[in-house]
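Report on the structure given below.
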Amino acid sequence: MRLWMITGAGRGLGRAFTEAALEHGDRVVATIRQDGVLDDLVKQYGDRVLPRRLDVSSHAEVQSVVAETVATVGTPDVVVNNAGFGLVGAVEELTEDELRAQFDVNLYGAVWVTQAVLPHLRERGSGKIVQVSTVGAVGHLPLFGAYNASKWALEGLSSALAAEVAPFGIGVHLLQLGGFATDWFGSSMRFTTAHPAYDGTREGMLGMPGYPTAAMLSEAEPSTEESPAVAAQALLALLDDPEPPLRKIIGTGAHDMVSAALEWRRDDYAHDPAFSWPNQPA
């Protein structure tokens with residue numbers, strides 16, 4: 001029986017990861033922002049699911065919750081840094097507070113959790129840290145610059161981390177996810193204040209010249225994208241892989257998105273006559 005620690009476990013992908021781990025027979029320390037959202041799982045699985053209130057952007061809270069978890073439950077075998085949100089806005093539109101909030105959760109939250117658990121994983125000599133990333137960390141989309149930047153930063157940091165902790169028996173893995181049927185483009189999405197100069201960009205990306213209101217998002221048709229359970233099963237398979245990769249692409253169309261993004265980059269570098277791709281014929 002493995003012990004998991006999953007951040008942002010109250011809904012969406014985090015809840016799907018939690019449910020999959022519990023169905024697999026494991027225990028989960030599930031961090032949430034709102035009390036009661038996992039009561040049904042507590043009723044079903046008893047003390048195998050252990051909700052904890054946590055705002056990952058608070059360094060002090062992360063240190064406290066991880067210390068309490070290790071002292072009362074044990075050192076997690078699997079740590080999933082899932083907590084995050086999307087910020088939509090053209091770069092010119094973003095305020096300092098909005099940009100900092102994006103990085104506080106998506107990047108620093110994952111860093112604080114990772115730093116808090118690492119001494120315990122090193123002492124034991126095993127463990128896996130899973131960073132929930134996106135295909136947007138390979139490519140880019142207009143209006144998603146802040147979100148993409150936070151995940152690009154997470155990828156760079158985690159790649160270095162993987163090399164640093166491998167000698168201690170600790171694995172680090174990045175889930176590069178495509179679109180899933182969650183509330184990411186709803187309550188987990190924030191929008192900046194629209195500048196009219198970017199009405200055309202919004203029309204092309206969002207189908208409207210402005211940003212959607214909360215009422216519009218609440219009335220939106222349910223997503224037809226894949227169930228988060230698909231991502232959860234892929235994560236279980238990754239953890240059972242004897243030689244798991246650093247990066248795992250998950251989701252319908254996600255491989256095509258990554259391939260297209262890498263091809264755009266290849267085209268950029270092709271303009272430099274001094275550059276050649278490794279293992280490519282002259």
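All residue names refer to the structure tokens as shown: chains lettered A, B, ... in order, residues numbered from 1 in each chain, ligands numbered from 1 in order.
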
- request: List every residue of stretch 103-203 of chain A that DSSP, applied to the backbone of this structure, places in alpha helix (DSSP H), and write the result as number ranges by chain.
  value: A: 103, 109-124, 145-165, 199-203

Check stretch 98-232 of chain A with DSSP on the backbone and list each residue it calls strand (DSSP E or B), as a PDB file with N, CA, C and O atoms, in the first residue's frame.
ATOM      1  N   GLY A 127      11.109   7.308  -3.451  1.00  0.00           N
ATOM      2  CA  GLY A 127       9.959   8.186  -3.598  1.00  0.00           C
ATOM      3  C   GLY A 127       9.863   8.736  -5.000  1.00  0.00           C
ATOM      4  O   GLY A 127      10.848   8.732  -5.755  1.00  0.00           O
ATOM      5  N   LYS A 128       8.671   9.189  -5.352  1.00  0.00           N
ATOM      6  CA  LYS A 128       8.440   9.778  -6.666  1.00  0.00           C
ATOM      7  C   LYS A 128       7.722  11.113  -6.496  1.00  0.00           C
ATOM      8  O   LYS A 128       6.748  11.215  -5.748  1.00  0.00           O
ATOM      9  N   ILE A 129       8.220  12.100  -7.212  1.00  0.00           N
ATOM     10  CA  ILE A 129       7.598  13.422  -7.242  1.00  0.00           C
ATOM     11  C   ILE A 129       7.047  13.639  -8.640  1.00  0.00           C
ATOM     12  O   ILE A 129       7.794  13.559  -9.628  1.00  0.00           O
ATOM     13  N   VAL A 130       5.754  13.870  -8.728  1.00  0.00           N
ATOM     14  CA  VAL A 130       5.072  14.035 -10.017  1.00  0.00           C
ATOM     15  C   VAL A 130       4.614  15.479 -10.139  1.00  0.00           C
ATOM     16  O   VAL A 130       3.850  15.975  -9.298  1.00  0.00           O
ATOM     17  N   GLN A 131       5.085  16.158 -11.171  1.00  0.00           N
ATOM     18  CA  GLN A 131       4.714  17.539 -11.419  1.00  0.00           C
ATOM     19  C   GLN A 131       3.687  17.572 -12.556  1.00  0.00           C
ATOM     20  O   GLN A 131       3.951  17.066 -13.644  1.00  0.00           O
ATOM     21  N   VAL A 132       2.530  18.136 -12.284  1.00  0.00           N
ATOM     22  CA  VAL A 132       1.489  18.212 -13.309  1.00  0.00           C
ATOM     23  C   VAL A 132       1.775  19.414 -14.206  1.00  0.00           C
ATOM     24  O   VAL A 132       1.675  20.567 -13.787  1.00  0.00           O
ATOM     25  N   SER A 133       2.139  19.119 -15.439  1.00  0.00           N
ATOM     26  CA  SER A 133       2.490  20.144 -16.412  1.00  0.00           C
ATOM     27  C   SER A 133       1.448  20.139 -17.526  1.00  0.00           C
ATOM     28  O   SER A 133       0.292  19.743 -17.317  1.00  0.00           O
ATOM     29  N   THR A 134       1.835  20.562 -18.699  1.00  0.00           N
ATOM     30  CA  THR A 134       0.897  20.710 -19.803  1.00  0.00           C
ATOM     31  C   THR A 134       1.643  20.681 -21.128  1.00  0.00           C
ATOM     32  O   THR A 134       2.859  20.951 -21.172  1.00  0.00           O
ATOM     33  N   ILE A 170      15.294   8.799  -5.836  1.00  0.00           N
ATOM     34  CA  ILE A 170      14.042   9.547  -5.978  1.00  0.00           C
ATOM     35  C   ILE A 170      13.797   9.839  -7.453  1.00  0.00           C
ATOM     36  O   ILE A 170      14.698  10.309  -8.155  1.00  0.00           O
ATOM     37  N   GLY A 171      12.600   9.575  -7.928  1.00  0.00           N
ATOM     38  CA  GLY A 171      12.231   9.859  -9.310  1.00  0.00           C
ATOM     39  C   GLY A 171      11.415  11.132  -9.402  1.00  0.00           C
ATOM     40  O   GLY A 171      10.623  11.446  -8.506  1.00  0.00           O
ATOM     41  N   VAL A 172      11.614  11.881 -10.474  1.00  0.00           N
ATOM     42  CA  VAL A 172      10.832  13.088 -10.759  1.00  0.00           C
ATOM     43  C   VAL A 172      10.226  12.922 -12.145  1.00  0.00           C
ATOM     44  O   VAL A 172      10.928  12.544 -13.091  1.00  0.00           O
ATOM     45  N   HIS A 173       8.933  13.205 -12.264  1.00  0.00           N
ATOM     46  CA  HIS A 173       8.240  12.974 -13.524  1.00  0.00           C
ATOM     47  C   HIS A 173       7.277  14.118 -13.817  1.00  0.00           C
ATOM     48  O   HIS A 173       6.606  14.628 -12.919  1.00  0.00           O
ATOM     49  N   LEU A 174       7.228  14.518 -15.077  1.00  0.00           N
ATOM     50  CA  LEU A 174       6.374  15.609 -15.542  1.00  0.00           C
ATOM     51  C   LEU A 174       5.245  15.041 -16.400  1.00  0.00           C
ATOM     52  O   LEU A 174       5.500  14.320 -17.368  1.00  0.00           O
ATOM     53  N   LEU A 175       4.012  15.361 -16.041  1.00  0.00           N
ATOM     54  CA  LEU A 175       2.860  14.968 -16.846  1.00  0.00           C
ATOM     55  C   LEU A 175       2.522  16.109 -17.789  1.00  0.00           C
ATOM     56  O   LEU A 175       2.046  17.162 -17.354  1.00  0.00           O
ATOM     57  N   GLN A 176       2.778  15.925 -19.070  1.00  0.00           N
ATOM     58  CA  GLN A 176       2.436  16.938 -20.067  1.00  0.00           C
ATOM     59  C   GLN A 176       1.034  16.608 -20.595  1.00  0.00           C
ATOM     60  O   GLN A 176       0.867  15.783 -21.485  1.00  0.00           O
ATOM     61  N   LEU A 177       0.047  17.271 -20.000  1.00  0.00           N
ATOM     62  CA  LEU A 177      -1.353  16.931 -20.244  1.00  0.00           C
ATOM     63  C   LEU A 177      -1.960  17.768 -21.359  1.00  0.00           C
ATOM     64  O   LEU A 177      -1.682  18.957 -21.487  1.00  0.00           O
ATOM     65  N   PHE A 180      -8.592  18.030 -20.734  1.00  0.00           N
ATOM     66  CA  PHE A 180      -9.443  17.072 -20.033  1.00  0.00           C
ATOM     67  C   PHE A 180     -10.699  17.781 -19.537  1.00  0.00           C
ATOM     68  O   PHE A 180     -10.708  19.002 -19.345  1.00  0.00           O
ATOM     69  N   MET A 189     -10.079  29.033 -13.741  1.00  0.00           N
ATOM     70  CA  MET A 189      -9.524  29.974 -14.716  1.00  0.00           C
ATOM     71  C   MET A 189      -9.768  31.406 -14.249  1.00  0.00           C
ATOM     72  O   MET A 189     -10.829  31.720 -13.723  1.00  0.00           O
ATOM     73  N   ARG A 190      -8.757  32.242 -14.427  1.00  0.00           N
ATOM     74  CA  ARG A 190      -8.903  33.660 -14.114  1.00  0.00           C
ATOM     75  C   ARG A 190      -8.587  34.470 -15.360  1.00  0.00           C
ATOM     76  O   ARG A 190      -7.756  34.055 -16.177  1.00  0.00           O
ATOM     77  N   PHE A 191      -9.250  35.610 -15.472  1.00  0.00           N
ATOM     78  CA  PHE A 191      -9.091  36.460 -16.645  1.00  0.00           C
ATOM     79  C   PHE A 191      -8.665  37.853 -16.208  1.00  0.00           C
ATOM     80  O   PHE A 191      -9.160  38.381 -15.215  1.00  0.00           O
ATOM     81  N   GLU A 226     -11.646  14.519 -22.854  1.00  0.00           N
ATOM     82  CA  GLU A 226     -11.499  13.259 -22.145  1.00  0.00           C
ATOM     83  C   GLU A 226     -11.753  13.397 -20.647  1.00  0.00           C
ATOM     84  O   GLU A 226     -11.524  14.439 -20.049  1.00  0.00           O
TER      85      GLU A 226
END

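Here atom CA of A:Ala214 stands at a distance of 19.0 Å from atom CA of A:Ala90.
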
Near-A:Glu93 list (12 Å; only C-alpha atoms; drop same-chain fewer than 2 positions) as an NGL selection string: :A and (87-91 or 95-99 or 143-146 or 191-199 or 211)

Could you dump the residues just selected with N, CA, C and O atoms as a compact mmCIF listing (two decimals), in the first residue's frame?
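And here is the file that came out, part06.txt:
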# COMPACT_ATOMS: atom_id res chain seq x y z
N LEU A 87 -4.34 31.49 -15.94
CA LEU A 87 -4.55 32.94 -16.07
C LEU A 87 -4.55 33.28 -17.55
O LEU A 87 -3.60 32.97 -18.25
N VAL A 88 -5.62 33.91 -18.00
CA VAL A 88 -5.75 34.26 -19.41
C VAL A 88 -5.63 35.77 -19.57
O VAL A 88 -6.33 36.53 -18.90
N GLY A 89 -4.75 36.17 -20.45
CA GLY A 89 -4.59 37.59 -20.72
C GLY A 89 -3.39 37.84 -21.59
O GLY A 89 -2.38 37.14 -21.50
N ALA A 90 -3.49 38.82 -22.48
CA ALA A 90 -2.33 39.23 -23.26
C ALA A 90 -1.26 39.77 -22.31
O ALA A 90 -1.58 40.32 -21.25
N VAL A 91 -0.02 39.61 -22.67
CA VAL A 91 1.07 40.00 -21.78
C VAL A 91 0.95 41.47 -21.37
O VAL A 91 1.17 41.83 -20.20
N THR A 95 -1.43 42.39 -14.81
CA THR A 95 -0.94 43.21 -13.71
C THR A 95 0.14 42.44 -12.94
O THR A 95 0.25 41.21 -13.05
N GLU A 96 0.90 43.19 -12.15
CA GLU A 96 1.93 42.53 -11.34
C GLU A 96 1.32 41.52 -10.39
O GLU A 96 1.83 40.40 -10.23
N ASP A 97 0.22 41.89 -9.74
CA ASP A 97 -0.42 40.98 -8.78
C ASP A 97 -0.90 39.72 -9.46
O ASP A 97 -0.78 38.61 -8.91
N GLU A 98 -1.49 39.85 -10.64
CA GLU A 98 -1.99 38.68 -11.38
C GLU A 98 -0.84 37.74 -11.75
O GLU A 98 -0.94 36.52 -11.60
N LEU A 99 0.24 38.32 -12.25
CA LEU A 99 1.37 37.50 -12.68
C LEU A 99 2.02 36.81 -11.49
O LEU A 99 2.37 35.62 -11.56
N LEU A 143 -2.50 34.72 -25.39
CA LEU A 143 -3.34 34.96 -24.21
C LEU A 143 -3.02 34.03 -23.04
O LEU A 143 -3.53 34.23 -21.94
N PHE A 144 -2.21 33.01 -23.26
CA PHE A 144 -1.86 32.07 -22.20
C PHE A 144 -0.39 32.19 -21.81
O PHE A 144 0.20 31.26 -21.27
N GLY A 145 0.21 33.36 -22.09
CA GLY A 145 1.63 33.53 -21.83
C GLY A 145 2.01 33.32 -20.38
O GLY A 145 3.03 32.68 -20.08
N ALA A 146 1.23 33.84 -19.44
CA ALA A 146 1.56 33.70 -18.02
C ALA A 146 1.46 32.24 -17.59
O ALA A 146 2.35 31.73 -16.90
N PHE A 191 -9.25 35.61 -15.47
CA PHE A 191 -9.09 36.46 -16.64
C PHE A 191 -8.66 37.85 -16.21
O PHE A 191 -9.16 38.38 -15.22
N THR A 192 -7.75 38.44 -16.95
CA THR A 192 -7.34 39.80 -16.67
C THR A 192 -8.35 40.78 -17.26
O THR A 192 -9.39 40.37 -17.80
N THR A 193 -8.07 42.06 -17.17
CA THR A 193 -8.95 43.08 -17.74
C THR A 193 -8.61 43.29 -19.20
O THR A 193 -7.44 43.52 -19.55
N ALA A 194 -9.61 43.21 -20.06
CA ALA A 194 -9.38 43.26 -21.51
C ALA A 194 -8.96 44.65 -21.97
O ALA A 194 -9.53 45.67 -21.55
N HIS A 195 -7.98 44.68 -22.84
CA HIS A 195 -7.58 45.91 -23.54
C HIS A 195 -8.12 45.80 -24.96
O HIS A 195 -7.93 44.76 -25.63
N PRO A 196 -8.79 46.83 -25.47
CA PRO A 196 -9.41 46.74 -26.80
C PRO A 196 -8.42 46.43 -27.92
O PRO A 196 -8.83 45.91 -28.97
N ALA A 197 -7.14 46.70 -27.73
CA ALA A 197 -6.16 46.41 -28.78
C ALA A 197 -6.10 44.93 -29.10
O ALA A 197 -5.70 44.53 -30.20
N TYR A 198 -6.53 44.09 -28.15
CA TYR A 198 -6.43 42.64 -28.33
C TYR A 198 -7.78 41.97 -28.57
O TYR A 198 -7.91 40.76 -28.44
N ASP A 199 -8.79 42.79 -28.94
CA ASP A 199 -10.12 42.23 -29.23
C ASP A 199 -10.04 41.18 -30.34
O ASP A 199 -10.69 40.12 -30.27
N TYR A 211 -13.40 39.05 -22.47
CA TYR A 211 -13.22 37.83 -21.69
C TYR A 211 -14.56 37.40 -21.12
O TYR A 211 -15.40 38.24 -20.79

- request: Have a look at A:Gly178, A:Pro244, A:Pro278, A:Pro51 and name the one nearest to A:Leu13; count only C-alpha atoms.
  value: A:Gly178

- request: Determine, counting only C-alpha atoms, which protein, DNA and RNA residues have an atom within 12 Å of an atom of stretch 249-265 of chain A; residues of the same chain fewer than 5 positions away are not included. Present the result as number ranges by chain.
  value: A: 132-141, 173-181, 224-235, 237-238, 270-272, 277

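Counting from atom CA of A:Lys43, the distance to atom CA of A:Trp4 is 18.5 Å.
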